[in-house]
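run-v8.txt, holding compact mmCIF, N, CA and C atoms:
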```txt
# COMPACT_ATOMS: atom_id res chain seq x y z
N MET Y 1 -11.28 -28.88 170.34
CA MET Y 1 -10.65 -30.12 170.70
C MET Y 1 -11.71 -31.05 171.28
N LYS Y 2 -11.82 -32.23 170.75
CA LYS Y 2 -12.78 -33.21 171.22
C LYS Y 2 -12.12 -34.14 172.23
N VAL Y 3 -12.72 -34.31 173.40
CA VAL Y 3 -12.16 -35.16 174.44
C VAL Y 3 -13.10 -36.33 174.68
N HIS Y 4 -12.55 -37.53 174.70
CA HIS Y 4 -13.34 -38.72 174.98
C HIS Y 4 -12.56 -39.58 175.96
N PHE Y 5 -13.09 -39.81 177.14
CA PHE Y 5 -12.45 -40.68 178.11
C PHE Y 5 -13.25 -41.97 178.19
N SER Y 6 -12.54 -43.08 178.01
CA SER Y 6 -13.22 -44.35 178.19
C SER Y 6 -13.43 -44.59 179.67
N ARG Y 7 -14.35 -45.44 179.99
CA ARG Y 7 -14.73 -45.67 181.38
C ARG Y 7 -13.85 -46.75 181.99
N HIS Y 8 -12.82 -46.32 182.72
CA HIS Y 8 -11.89 -47.23 183.40
C HIS Y 8 -11.51 -48.42 182.52
N ARG Y 9 -10.97 -48.10 181.37
CA ARG Y 9 -10.59 -49.12 180.39
C ARG Y 9 -9.30 -49.79 180.79
N ILE Y 10 -9.39 -50.67 181.77
CA ILE Y 10 -8.21 -51.38 182.24
C ILE Y 10 -8.28 -52.79 181.66
N GLY Y 11 -7.88 -52.90 180.43
CA GLY Y 11 -7.91 -54.18 179.73
C GLY Y 11 -6.55 -54.85 179.78
N ILE Y 12 -6.34 -55.74 178.85
CA ILE Y 12 -5.09 -56.48 178.79
C ILE Y 12 -3.91 -55.53 178.61
N ALA Y 13 -4.05 -54.52 177.77
CA ALA Y 13 -2.94 -53.59 177.53
C ALA Y 13 -2.55 -52.88 178.81
N ALA Y 14 -3.52 -52.44 179.59
CA ALA Y 14 -3.22 -51.73 180.84
C ALA Y 14 -2.53 -52.66 181.83
N VAL Y 15 -2.97 -53.90 181.90
CA VAL Y 15 -2.36 -54.87 182.80
C VAL Y 15 -0.90 -55.10 182.41
N VAL Y 16 -0.65 -55.23 181.11
CA VAL Y 16 0.72 -55.41 180.63
C VAL Y 16 1.58 -54.21 181.00
N VAL Y 17 1.05 -53.00 180.80
CA VAL Y 17 1.79 -51.78 181.15
C VAL Y 17 2.10 -51.77 182.63
N VAL Y 18 1.13 -52.08 183.46
CA VAL Y 18 1.33 -52.08 184.91
C VAL Y 18 2.40 -53.09 185.30
N LEU Y 19 2.32 -54.30 184.77
CA LEU Y 19 3.29 -55.33 185.11
C LEU Y 19 4.68 -54.98 184.63
N CYS Y 20 4.80 -54.47 183.41
CA CYS Y 20 6.11 -54.08 182.88
C CYS Y 20 6.69 -52.93 183.68
N THR Y 21 5.86 -51.94 183.99
CA THR Y 21 6.34 -50.79 184.74
C THR Y 21 6.80 -51.22 186.12
N ALA Y 22 6.00 -52.01 186.82
CA ALA Y 22 6.35 -52.43 188.18
C ALA Y 22 7.61 -53.28 188.17
N GLY Y 23 7.74 -54.15 187.18
CA GLY Y 23 8.93 -54.99 187.10
C GLY Y 23 10.17 -54.18 186.81
N ALA Y 24 10.06 -53.24 185.91
CA ALA Y 24 11.22 -52.43 185.53
C ALA Y 24 11.60 -51.46 186.64
N LEU Y 25 10.66 -51.00 187.39
CA LEU Y 25 10.93 -50.00 188.42
C LEU Y 25 11.02 -50.62 189.81
N ARG Y 26 11.22 -51.90 189.88
CA ARG Y 26 11.44 -52.65 191.10
C ARG Y 26 10.38 -52.43 192.16
N ALA Y 27 10.65 -51.63 193.19
CA ALA Y 27 9.75 -51.50 194.34
C ALA Y 27 8.60 -50.54 194.09
N LEU Y 28 8.49 -50.08 192.89
CA LEU Y 28 7.44 -49.14 192.56
C LEU Y 28 6.12 -49.90 192.43
N SER Y 29 5.12 -49.47 193.17
CA SER Y 29 3.82 -50.11 193.03
C SER Y 29 2.83 -49.13 192.44
N ILE Y 30 1.85 -49.66 191.73
CA ILE Y 30 0.85 -48.83 191.06
C ILE Y 30 -0.52 -49.25 191.56
N PRO Y 31 -1.03 -48.56 192.61
CA PRO Y 31 -2.33 -48.92 193.17
C PRO Y 31 -3.50 -48.74 192.20
N PHE Y 32 -3.43 -47.75 191.31
CA PHE Y 32 -4.49 -47.63 190.31
C PHE Y 32 -3.93 -47.08 189.02
N PHE Y 33 -4.58 -47.41 187.94
CA PHE Y 33 -4.19 -46.97 186.61
C PHE Y 33 -5.45 -46.88 185.76
N THR Y 34 -5.60 -45.78 185.06
CA THR Y 34 -6.71 -45.66 184.13
C THR Y 34 -6.26 -44.81 182.97
N GLN Y 35 -6.90 -44.98 181.84
CA GLN Y 35 -6.53 -44.18 180.69
C GLN Y 35 -7.75 -43.87 179.85
N GLY Y 36 -7.62 -42.83 179.06
CA GLY Y 36 -8.67 -42.43 178.14
C GLY Y 36 -8.01 -41.94 176.87
N THR Y 37 -8.79 -41.62 175.88
CA THR Y 37 -8.27 -41.17 174.59
C THR Y 37 -8.62 -39.72 174.38
N LEU Y 38 -7.64 -38.96 173.94
CA LEU Y 38 -7.81 -37.54 173.65
C LEU Y 38 -7.60 -37.36 172.15
N HIS Y 39 -8.63 -36.89 171.46
CA HIS Y 39 -8.57 -36.70 170.02
C HIS Y 39 -8.18 -35.26 169.70
N ASP Y 40 -7.52 -35.07 168.58
CA ASP Y 40 -7.21 -33.74 168.07
C ASP Y 40 -6.27 -32.98 169.00
N TYR Y 41 -5.25 -33.68 169.54
CA TYR Y 41 -4.32 -33.08 170.50
C TYR Y 41 -3.09 -32.52 169.78
N GLY Y 42 -2.69 -31.35 170.15
CA GLY Y 42 -1.44 -30.75 169.69
C GLY Y 42 -1.49 -30.24 168.26
N PRO Y 43 -0.35 -29.72 167.81
CA PRO Y 43 -0.30 -29.09 166.48
C PRO Y 43 -0.56 -30.04 165.33
N LEU Y 44 -0.29 -31.34 165.54
CA LEU Y 44 -0.53 -32.31 164.47
C LEU Y 44 -1.90 -32.97 164.57
N HIS Y 45 -2.69 -32.53 165.56
CA HIS Y 45 -4.05 -33.04 165.77
C HIS Y 45 -4.04 -34.56 165.92
N ASP Y 46 -3.12 -35.04 166.75
CA ASP Y 46 -2.98 -36.47 166.99
C ASP Y 46 -4.05 -36.98 167.95
N THR Y 47 -4.24 -38.29 167.92
CA THR Y 47 -5.03 -38.97 168.94
C THR Y 47 -4.02 -39.60 169.88
N VAL Y 48 -4.16 -39.34 171.19
CA VAL Y 48 -3.21 -39.82 172.18
C VAL Y 48 -3.96 -40.46 173.35
N ASN Y 49 -3.23 -41.22 174.13
CA ASN Y 49 -3.78 -41.74 175.38
C ASN Y 49 -3.44 -40.77 176.50
N VAL Y 50 -4.39 -40.56 177.40
CA VAL Y 50 -4.15 -39.80 178.61
C VAL Y 50 -4.21 -40.82 179.75
N GLU Y 51 -3.10 -40.95 180.47
CA GLU Y 51 -3.01 -41.93 181.54
C GLU Y 51 -2.94 -41.23 182.88
N ILE Y 52 -3.64 -41.77 183.85
CA ILE Y 52 -3.61 -41.23 185.21
C ILE Y 52 -3.36 -42.40 186.14
N TYR Y 53 -2.35 -42.26 186.98
CA TYR Y 53 -2.04 -43.34 187.90
C TYR Y 53 -1.36 -42.82 189.15
N GLU Y 54 -1.35 -43.67 190.17
CA GLU Y 54 -0.68 -43.40 191.43
C GLU Y 54 0.53 -44.32 191.49
N LEU Y 55 1.67 -43.77 191.86
CA LEU Y 55 2.89 -44.56 192.02
C LEU Y 55 3.33 -44.47 193.47
N MET Y 56 3.83 -45.57 193.99
CA MET Y 56 4.36 -45.58 195.34
C MET Y 56 5.78 -46.13 195.27
N LEU Y 57 6.72 -45.35 195.80
CA LEU Y 57 8.13 -45.70 195.74
C LEU Y 57 8.66 -45.86 197.16
N ALA Y 58 9.17 -47.04 197.48
CA ALA Y 58 9.64 -47.34 198.84
C ALA Y 58 10.90 -46.54 199.18
N HIS Y 59 11.18 -46.40 200.47
CA HIS Y 59 12.37 -45.70 200.96
C HIS Y 59 13.62 -46.24 200.26
N GLY Y 60 14.42 -45.34 199.71
CA GLY Y 60 15.69 -45.72 199.09
C GLY Y 60 15.59 -46.23 197.66
N GLU Y 61 14.40 -46.47 197.17
CA GLU Y 61 14.24 -47.00 195.81
C GLU Y 61 14.23 -45.88 194.78
N SER Y 62 14.61 -46.23 193.56
CA SER Y 62 14.62 -45.24 192.48
C SER Y 62 13.95 -45.81 191.24
N SER Y 63 13.59 -44.93 190.35
CA SER Y 63 12.91 -45.31 189.11
C SER Y 63 13.87 -45.87 188.08
N GLY Y 64 15.13 -45.55 188.18
CA GLY Y 64 16.10 -45.86 187.13
C GLY Y 64 16.05 -44.75 186.09
N TRP Y 65 17.10 -44.61 185.34
CA TRP Y 65 17.16 -43.56 184.31
C TRP Y 65 16.17 -43.89 183.21
N HIS Y 66 15.33 -42.91 182.87
CA HIS Y 66 14.30 -43.13 181.87
C HIS Y 66 13.85 -41.80 181.28
N ASN Y 67 13.01 -41.89 180.24
CA ASN Y 67 12.33 -40.71 179.70
C ASN Y 67 10.93 -41.13 179.26
N HIS Y 68 10.12 -40.14 178.91
CA HIS Y 68 8.73 -40.38 178.52
C HIS Y 68 8.49 -39.84 177.10
N PRO Y 69 7.59 -40.47 176.33
CA PRO Y 69 7.34 -40.04 174.96
C PRO Y 69 6.44 -38.81 174.84
N GLY Y 70 5.91 -38.36 175.95
CA GLY Y 70 5.05 -37.17 175.98
C GLY Y 70 5.17 -36.53 177.34
N PRO Y 71 4.54 -35.39 177.55
CA PRO Y 71 4.66 -34.71 178.84
C PRO Y 71 3.98 -35.49 179.96
N ALA Y 72 4.57 -35.38 181.15
CA ALA Y 72 3.99 -35.99 182.35
C ALA Y 72 3.89 -34.91 183.41
N PHE Y 73 2.79 -34.92 184.16
CA PHE Y 73 2.55 -33.96 185.23
C PHE Y 73 2.44 -34.74 186.53
N VAL Y 74 3.25 -34.36 187.52
CA VAL Y 74 3.39 -35.15 188.73
C VAL Y 74 3.09 -34.30 189.96
N ILE Y 75 2.35 -34.88 190.92
CA ILE Y 75 2.13 -34.27 192.23
C ILE Y 75 2.69 -35.24 193.26
N VAL Y 76 3.52 -34.73 194.16
CA VAL Y 76 4.05 -35.55 195.25
C VAL Y 76 3.04 -35.45 196.39
N GLY Y 77 2.26 -36.50 196.59
CA GLY Y 77 1.21 -36.50 197.59
C GLY Y 77 1.69 -36.86 198.98
N GLN Y 78 2.81 -37.58 199.06
CA GLN Y 78 3.36 -38.02 200.35
C GLN Y 78 4.84 -38.30 200.15
N GLY Y 79 5.63 -38.03 201.16
CA GLY Y 79 7.06 -38.30 201.08
C GLY Y 79 7.80 -37.22 200.33
N ALA Y 80 9.03 -37.51 199.99
CA ALA Y 80 9.88 -36.56 199.28
C ALA Y 80 10.75 -37.30 198.29
N LEU Y 81 11.01 -36.67 197.19
CA LEU Y 81 11.82 -37.26 196.13
C LEU Y 81 13.03 -36.40 195.81
N GLU Y 82 14.00 -37.05 195.22
CA GLU Y 82 15.13 -36.36 194.64
C GLU Y 82 15.10 -36.70 193.16
N GLU Y 83 14.97 -35.67 192.32
CA GLU Y 83 14.93 -35.88 190.87
C GLU Y 83 16.28 -35.49 190.30
N ASP Y 84 16.98 -36.47 189.74
CA ASP Y 84 18.32 -36.27 189.20
C ASP Y 84 18.24 -36.20 187.67
N HIS Y 85 18.73 -35.08 187.12
CA HIS Y 85 18.76 -34.90 185.67
C HIS Y 85 20.15 -35.18 185.12
N GLY Y 86 21.07 -35.60 185.98
CA GLY Y 86 22.43 -35.91 185.57
C GLY Y 86 23.36 -34.73 185.67
N CYS Y 87 24.65 -35.03 185.73
CA CYS Y 87 25.71 -34.03 185.73
C CYS Y 87 25.56 -33.02 186.85
N GLY Y 88 25.06 -33.47 188.01
CA GLY Y 88 24.94 -32.59 189.17
C GLY Y 88 23.67 -31.79 189.25
N SER Y 89 22.76 -31.97 188.31
CA SER Y 89 21.50 -31.23 188.32
C SER Y 89 20.45 -32.04 189.08
N ILE Y 90 20.30 -31.72 190.38
CA ILE Y 90 19.39 -32.46 191.25
C ILE Y 90 18.37 -31.48 191.83
N VAL Y 91 17.09 -31.90 191.81
CA VAL Y 91 16.00 -31.07 192.33
C VAL Y 91 15.28 -31.86 193.42
N GLN Y 92 15.04 -31.22 194.55
CA GLN Y 92 14.27 -31.84 195.64
C GLN Y 92 12.79 -31.60 195.40
N ARG Y 93 11.99 -32.65 195.56
CA ARG Y 93 10.54 -32.57 195.36
C ARG Y 93 9.85 -32.98 196.66
N PRO Y 94 9.50 -32.02 197.53
CA PRO Y 94 8.85 -32.34 198.80
C PRO Y 94 7.35 -32.63 198.64
N THR Y 95 6.74 -33.13 199.69
CA THR Y 95 5.29 -33.36 199.72
C THR Y 95 4.56 -32.08 199.31
N GLY Y 96 3.59 -32.21 198.45
CA GLY Y 96 2.79 -31.07 198.01
C GLY Y 96 3.34 -30.37 196.78
N SER Y 97 4.53 -30.73 196.34
CA SER Y 97 5.07 -30.09 195.14
C SER Y 97 4.50 -30.74 193.89
N ALA Y 98 4.52 -29.98 192.82
CA ALA Y 98 4.06 -30.47 191.52
C ALA Y 98 5.09 -30.06 190.49
N PHE Y 99 5.29 -30.92 189.50
CA PHE Y 99 6.26 -30.60 188.45
C PHE Y 99 5.88 -31.29 187.15
N GLN Y 100 6.46 -30.80 186.07
CA GLN Y 100 6.22 -31.36 184.74
C GLN Y 100 7.50 -32.00 184.24
N GLU Y 101 7.36 -33.18 183.67
CA GLU Y 101 8.48 -33.84 182.99
C GLU Y 101 8.27 -33.60 181.50
N GLN Y 102 9.24 -32.97 180.87
CA GLN Y 102 9.13 -32.65 179.45
C GLN Y 102 9.29 -33.91 178.60
N THR Y 103 8.74 -33.91 177.42
CA THR Y 103 8.89 -35.00 176.47
C THR Y 103 10.37 -35.27 176.24
N GLY Y 104 10.80 -36.52 176.42
CA GLY Y 104 12.18 -36.91 176.17
C GLY Y 104 13.17 -36.56 177.26
N GLU Y 105 12.72 -35.91 178.33
CA GLU Y 105 13.62 -35.50 179.42
C GLU Y 105 14.16 -36.74 180.14
N VAL Y 106 15.48 -36.86 180.22
CA VAL Y 106 16.12 -37.99 180.88
C VAL Y 106 16.28 -37.67 182.37
N HIS Y 107 15.83 -38.58 183.22
CA HIS Y 107 15.94 -38.34 184.66
C HIS Y 107 15.81 -39.64 185.44
N ASN Y 108 16.15 -39.55 186.72
CA ASN Y 108 16.04 -40.67 187.65
C ASN Y 108 15.46 -40.09 188.94
N VAL Y 109 14.42 -40.70 189.46
CA VAL Y 109 13.75 -40.23 190.67
C VAL Y 109 14.04 -41.22 191.80
N THR Y 110 14.48 -40.70 192.95
CA THR Y 110 14.82 -41.55 194.09
C THR Y 110 14.09 -41.05 195.33
N ASN Y 111 13.56 -42.00 196.11
CA ASN Y 111 12.94 -41.66 197.39
C ASN Y 111 14.03 -41.63 198.44
N ARG Y 112 14.45 -40.43 198.85
CA ARG Y 112 15.49 -40.26 199.86
C ARG Y 112 14.89 -40.09 201.26
N GLY Y 113 13.57 -40.04 201.35
CA GLY Y 113 12.91 -39.85 202.64
C GLY Y 113 12.80 -41.14 203.42
N ASN Y 114 12.21 -41.04 204.60
CA ASN Y 114 12.05 -42.20 205.48
C ASN Y 114 10.70 -42.89 205.33
N GLU Y 115 9.82 -42.33 204.51
CA GLU Y 115 8.50 -42.93 204.31
C GLU Y 115 8.28 -43.21 202.83
N VAL Y 116 7.25 -43.95 202.54
CA VAL Y 116 6.89 -44.25 201.16
C VAL Y 116 6.55 -42.94 200.45
N ALA Y 117 7.06 -42.77 199.23
CA ALA Y 117 6.70 -41.60 198.42
C ALA Y 117 5.50 -41.99 197.57
N ARG Y 118 4.49 -41.14 197.59
CA ARG Y 118 3.24 -41.40 196.87
C ARG Y 118 3.08 -40.30 195.82
N LEU Y 119 3.06 -40.69 194.56
CA LEU Y 119 2.99 -39.76 193.45
C LEU Y 119 1.71 -39.96 192.67
N PHE Y 120 1.14 -38.87 192.20
CA PHE Y 120 -0.01 -38.91 191.31
C PHE Y 120 0.46 -38.36 189.97
N VAL Y 121 0.30 -39.16 188.93
CA VAL Y 121 0.86 -38.82 187.62
C VAL Y 121 -0.24 -38.79 186.57
N MET Y 122 -0.17 -37.77 185.72
CA MET Y 122 -1.01 -37.71 184.52
C MET Y 122 -0.05 -37.49 183.37
N GLN Y 123 -0.10 -38.39 182.39
CA GLN Y 123 0.80 -38.22 181.26
C GLN Y 123 0.07 -38.44 179.95
N ILE Y 124 0.60 -37.80 178.92
CA ILE Y 124 0.06 -37.90 177.57
C ILE Y 124 1.02 -38.77 176.77
N VAL Y 125 0.49 -39.85 176.20
CA VAL Y 125 1.33 -40.83 175.51
C VAL Y 125 0.79 -41.04 174.09
N PRO Y 126 1.64 -40.86 173.07
CA PRO Y 126 1.19 -41.15 171.71
C PRO Y 126 0.71 -42.61 171.61
N LEU Y 127 -0.27 -42.85 170.77
CA LEU Y 127 -0.80 -44.20 170.59
C LEU Y 127 0.30 -45.17 170.18
N ASN Y 128 0.19 -46.40 170.64
CA ASN Y 128 1.13 -47.48 170.30
C ASN Y 128 2.57 -47.15 170.66
N THR Y 129 2.74 -46.45 171.77
CA THR Y 129 4.06 -46.06 172.26
C THR Y 129 4.17 -46.45 173.73
N PRO Y 130 5.33 -46.98 174.16
CA PRO Y 130 5.48 -47.30 175.59
C PRO Y 130 5.40 -46.05 176.45
N ASP Y 131 4.98 -46.21 177.71
CA ASP Y 131 4.84 -45.09 178.66
C ASP Y 131 6.18 -44.43 178.97
N TYR Y 132 7.23 -45.23 178.97
CA TYR Y 132 8.56 -44.73 179.29
C TYR Y 132 9.59 -45.64 178.61
N THR Y 133 10.83 -45.15 178.52
CA THR Y 133 11.92 -45.93 177.96
C THR Y 133 13.09 -45.86 178.92
N ASN Y 134 13.64 -47.01 179.30
CA ASN Y 134 14.85 -47.02 180.12
C ASN Y 134 16.01 -46.55 179.26
N VAL Y 135 16.84 -45.66 179.80
CA VAL Y 135 17.96 -45.10 179.05
C VAL Y 135 19.21 -45.07 179.93
N ASP Y 136 20.35 -44.82 179.32
CA ASP Y 136 21.59 -44.64 180.07
C ASP Y 136 21.60 -43.26 180.71
N PRO Y 137 22.32 -43.09 181.82
CA PRO Y 137 22.43 -41.76 182.42
C PRO Y 137 23.13 -40.80 181.46
N PRO Y 138 22.87 -39.51 181.61
CA PRO Y 138 23.52 -38.54 180.74
C PRO Y 138 25.04 -38.60 180.88
N THR Y 139 25.74 -38.31 179.80
CA THR Y 139 27.19 -38.24 179.81
C THR Y 139 27.60 -36.83 180.19
N CYS Y 140 28.41 -36.71 181.22
CA CYS Y 140 28.82 -35.39 181.71
C CYS Y 140 30.22 -35.07 181.20
N ARG Y 141 30.45 -33.81 180.88
CA ARG Y 141 31.77 -33.40 180.37
C ARG Y 141 32.41 -32.44 181.31
```
Using the file provided, produce a representation of the structure as C-alpha cells.
Amino acid sequence: MKVHFSRHRIGIAAVVVVLCTAGALRALSIPFFTQGTLHDYGPLHDTVNVEIYELMLAHGESSGWHNHPGPAFVIVGQGALEEDHGCGSIVQRPTGSAFQEQTGEVHNVTNRGNEVARLFVMQIVPLNTPDYTNVDPPTCR
C-alpha cells in the first residue's frame, strides 16, 4: 500500500468543508483540519482522502443526525459525549475514550457535560464525496 500525505493542504476545498461543517453543526468549531491522500486503499484499491481534525462541541450542543461515507476514528480528549444511535441505543463517551464510527452509521452526538467537548477525529473519505451527510433520525418500531 502506497501512502502519500500532502503537506498541510488546506486549500479552497478544505476551507469550504470547514465552513460547511461548522455551519451545519452549529456550535461545533474546528481549530485545525488537514488532509492527505491514501492510494491503493481497501479491496477496490481506491484512492481516498485521509482527514484529521479537532472538533469542539459546546455544552448542550449536538452534531445533528448524520452519517459518514467512510470509517471515522474518534478520541474524546476533553469533556464527555452522549452518542445516540436511535431507538434507545445510547452510548456514553467519557474523556479518554476512543471509538470507531462505521461507514454509513447513523448517529447524533451531544455534549451533555458542563465543559467543552474536544474531539480528535481521523476519517477516511472517498474522493469527491462530502465528509458527512445530514440524515433523518432512525425510525423505531
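For the choices Y:Cys140, Y:Leu55, Y:Val106, Y:Leu127, the atom-to-atom distance to Y:Gly88 is smallest for Y:Cys140 when using all atoms listed in the file.
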Tell me which of Y:His39, Y:Phe33, Y:His107, Y:Arg112 sits closest to Y:Ile52, counting all atoms listed in the file.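 Checking each candidate against Y:Ile52, we get Y:Phe33 as the closest.
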Using only N, CA and C atoms, pick whichever of Y:Gln123, Y:Thr129, Y:Thr95, Y:Ser29 has the shortest atom-to-atom distance to Y:Met56.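 Of all the options, Y:Ser29 lies closest to Y:Met56.
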From Y:Arg141, Y:Thr103, Y:Ala117, Y:Gly64, residue lying nearest Y:Leu81 [only C-alpha atoms]: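 Using only C-alpha atoms, Y:Leu81 sits closest to Y:Ala117.
For the set Y:Arg93, Y:Val125, Y:Gly77, Y:Pro138, the residue with the smallest atom-to-atom gap to Y:Tyr41 is Y:Val125, counting only C-alpha atoms.
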Could you tell me how far atom CA of Y:Phe73 sits from atom N of Y:Ser97, in Å to one decimal place? 11.7 Å
Just list as a ChimeraX atom specification whatever in stretch 77-141 of chain Y DSSP marks as strand (DSSP E or B). /Y:77-78,81-84,90-93,98-101,107-111,117-126,133-134
For each of Y:Thr34, Y:Asn49, Y:Asn108, Y:Ser63, take the minimum atom-to-atom distance to Y:His85, counting all atoms listed in the file, then give the residue where this is smallest.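 Checking each candidate against Y:His85, we get Y:Asn108 as the closest.
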